[in-house]
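Working notes, structure below.
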Amino acid sequence: MEDKIKQEIIDIVFAEELATPEELETQYPARNLSGGAMVTRIAPSPTGFMHIGSLYSALISERFAHQSSGVFFVRIEDTDKKREVEGAVELISQSLKSFGIDYDEGRNENDEEVGQYGPYTQSHRSEIYKTFVKEFLQRDLAYLCFATSEELDEMRSIQQSQSVKPGYYGEWAKWRTKSSEEVLEMLKSGKAYVVRFKSPGDYAHRIKIHDEILGTRELPENDQDIVIMKSDKLPTYHFAHLIDDHLMRTTHVIRGDEWFPSLPIHVQLFESMGWEAPKFAHIAPIQKLEESSKRKLSKRKDPEANIAFFDEKGYPKEAIKEYLLNLANSNFEDWRKQNPEKDYREFQMSFEKLSNSSGALFDFNKLNDISKEVVSRMSAEEVYENVSTWAEHHNTEFANLLKQHSDYAKEIFTIERGVGDKSRKDIKMWSEVQSDIEYFFDDSFSLTKSETLEQLPNASADELSDIVKSFMESYNFDDSKEEWFAKVKVIAEAHGYSINSKEYKKNPESFKGNVADVAKIFRILLCNRTQTPDLHSIMKVMGQDRVFKRLSLIV
RNA sequence: GGCGCUAUCGUCUAACGGUUAGGACAGACGGUUUUCAUCCGUCAAAUCGGGGUUCGAUUCCCCGUAGCGCUACCA
């Protein structure tokens, strides 16, 4: 009789035709992978915001999967309909793609499902969850709960006033022990309900749990009858995690450490179904210092929490990845020093090195340093491509300029590049490039005679004219850097300038100035600034006509 | 309140229980260089506090303290 009522309840809750658990097990068989292959995933919520922390765990998960010849997939966790934002799913796939973090399964940037273990969007998996919620009810691992949110609030405040552990458990779990008749009656009256897990746990028991990063830990066993299916019939995170990571055959769940406390729930859920739980690795979030206190990088307060911030600044994606990799495995930077030419994918990431600290502070100094290093390793062609791509999205005027003068621009980027250790390390983000090189272009270069004189107060107009004239007479476009500089020295000496810095430093008063002051004249006339790369290279790139035209200003 | 995680230079971190506690970034100062950027060198900079265990503790244990997390029909 009791069983009959129970069945009736289940049939009302799930009136529709559902696949059986066995059918689903067959549909999503164990993956055929080699020995140590790891199946990892990220499970972002479509909130319309790509957090740097999501990118961090995506990168780590992707590395572990692919360095072990495994599978990395992306599953969209959109069971919280209240928080969903339009276009958010596209943002996730586009971001991953733009960072070159390739996933094997999931929704791609054309909004198509790829992979045999889908759907990869939780809201499209509701039939699957229902199959298993039904199974839980069938096996008496779950029950219907009609407690209203008001009743739950009241329960919690009573618990608080009595100083007992809050939650739905033990004697507080009223609906766990209700008779089937009463449940059926409530159901028939159309009252809202949730399905709760019938936890077999005892809070006084302590269980050992292994985490790949934290090692083996002891935690109290779960005794909460957590909700597995909400009143909108969508699963909660805990339940979706159980079903999805089982059916998708995830081997390693790498996620933020805010999940660590719910591990007892998760292992209990897996045990209740007799499923092998995946291995867990909980990583610390990236933090930020605010008035001497650490906190998680916040979506609201910190622009740098959003990866769009780095995109606007034009940080190379590679630099961000290397910075994140360094945060994940601090030995990455040593490896990089040893292997400057290798792709970061050749680095072997390890759980042992994955820090179990409470979370690193985001360090722009370090990012900047890494970024300069990354850019310095690029070829002129690569720099050109990167700057152009950035400019197309963020500075169309500059993009057009680069496009119009592409050969010239590429020449500019060859200056002091590709000379190994001594390569320039001055670019850290593409947004800085325009102001760095704009003087090369005639359209964005202007200088008057009076401005020139103002910037070179130690020499008269006639003297400047003489110096420049002598230079133009002796200048040969094909001169090597050494020949070129020798000529500059001759002119400098002829005008009373020192050609030996040490001597000049000893007796500055016996010279008109140093050869550096002569170089400065050309620097101002050609670039209208006092700090530039090597002048010989600049002249080569500018070409004789442009150089002479600019120098003539003072002649 | 309960449960948990974490604790080494400003930051990220390294150190089988035995080191002058190491490196990187940032900082200061010097050198090289036609300026700048590089490159090279030097300096400054840390084991949260208190108890144990031990010949010996940054390391192991306990107690504090602090930061962070969890304690939802959010993830």
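Convention: chains lettered A, B, ... in structure tokens order; per-chain residue numbering from 1; ligands numbered from 1 as shown.
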Using only C-alpha atoms (C1' of nucleotides) and a distance of at most 10 Å, pull out the residues of chain B that contact chain A, as a PyMOL selection string.
chain B and resi 1-7+11-14+23-26+33-39+67-75
Could you tell me which of A:Phe511, A:Phe309, A:Phe136, A:Trp175 comes closest to Glu493 (chain A) if we count only C-alpha atoms?
A:Phe511
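Between CA of Ser371 (chain A) and CA of Ala319 (chain A) there is a distance of 4.7 Å.
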Quick check for you: according to DSSP on this backbone, which residues of region 10-173 of chain A are classed as strand (DSSP E or B)? Reply as a CSV table (one decimal) with N, CA and C atoms, in the first residue's frame.
```
chain,number,residue,atom,x,y,z
A,39,VAL,N,40.3,13.9,-17.9
A,39,VAL,CA,39.2,14.6,-18.5
A,39,VAL,C,38.8,15.7,-17.6
A,40,THR,N,39.0,16.9,-18.0
A,40,THR,CA,38.7,18.1,-17.2
A,40,THR,C,37.7,19.0,-17.8
A,41,ARG,N,37.3,19.9,-17.0
A,41,ARG,CA,36.2,20.8,-17.6
A,41,ARG,C,36.2,22.1,-16.9
A,42,ILE,N,35.6,23.1,-17.5
A,42,ILE,CA,35.2,24.3,-16.7
A,42,ILE,C,33.7,24.4,-16.8
A,51,HIS,N,35.4,36.4,-16.0
A,51,HIS,CA,36.3,36.8,-14.9
A,51,HIS,C,37.7,36.2,-15.2
A,71,VAL,N,40.9,15.0,-22.4
A,71,VAL,CA,39.9,15.8,-23.0
A,71,VAL,C,39.5,17.0,-22.0
A,72,PHE,N,39.4,18.1,-22.7
A,72,PHE,CA,38.9,19.3,-21.9
A,72,PHE,C,37.6,19.8,-22.5
A,73,PHE,N,36.6,20.0,-21.7
A,73,PHE,CA,35.4,20.4,-22.2
A,73,PHE,C,34.8,21.6,-21.4
A,74,VAL,N,33.8,22.3,-22.0
A,74,VAL,CA,33.2,23.4,-21.4
A,74,VAL,C,31.7,23.1,-21.2
A,76,ILE,N,28.2,24.7,-19.7
A,76,ILE,CA,27.6,26.0,-19.3
A,76,ILE,C,26.6,25.7,-18.1
A,105,GLU,N,35.2,19.7,-26.4
A,105,GLU,CA,33.8,19.6,-26.4
A,105,GLU,C,33.1,20.8,-25.7
A,106,GLY,N,31.9,21.0,-26.2
A,106,GLY,CA,31.1,22.1,-25.7
A,106,GLY,C,30.5,22.9,-26.8
A,107,ARG,N,30.0,24.1,-26.4
A,107,ARG,CA,29.4,24.9,-27.4
A,107,ARG,C,30.4,25.8,-28.1
A,113,GLU,N,26.9,22.6,-30.9
A,113,GLU,CA,27.4,21.6,-29.9
A,113,GLU,C,28.4,20.7,-30.5
A,114,VAL,N,29.6,20.6,-29.9
A,114,VAL,CA,30.6,19.7,-30.4
A,114,VAL,C,30.8,18.6,-29.3
A,121,THR,N,25.0,22.3,-22.2
A,121,THR,CA,24.4,23.4,-21.5
A,121,THR,C,23.4,22.8,-20.5
A,142,ALA,N,15.8,10.1,-1.8
A,142,ALA,CA,15.3,11.5,-1.9
A,142,ALA,C,13.8,11.5,-1.5
A,143,TYR,N,13.4,12.7,-1.2
A,143,TYR,CA,12.0,12.9,-0.9
A,143,TYR,C,11.5,14.3,-1.2
A,144,LEU,N,10.2,14.4,-1.3
A,144,LEU,CA,9.6,15.7,-1.6
A,144,LEU,C,9.5,16.6,-0.3
A,145,CYS,N,9.8,17.8,-0.5
A,145,CYS,CA,9.7,18.7,0.6
A,145,CYS,C,8.9,20.0,0.3
A,169,TYR,N,18.1,19.1,8.4
A,169,TYR,CA,18.8,17.8,8.7
A,169,TYR,C,18.1,17.2,9.9
```
Do a neighbour search on G50 (chain B) at 12 Å with only C-alpha atoms (C1' of nucleotides), toss out local chain neighbours closer than 2 positions, and write the hits as a ChimeraX atom specification.
/B:48,52,62-65
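Distance-wise, CA of Leu447 (chain A) and CA of Asn528 (chain A) end up 6.7 Å apart.
In this model, the gap between CA of Ala37 (chain A) and CA of Gln348 (chain A) comes to 13.8 Å.
Around region 382-394 of chain A, within 6 Å and counting only C-alpha atoms (C1' of nucleotides), the residues found are A:Met378, A:Ser379, A:Ala399, A:Lys410, A:Trp430, once anything fewer than 3 positions away on its own chain is removed.
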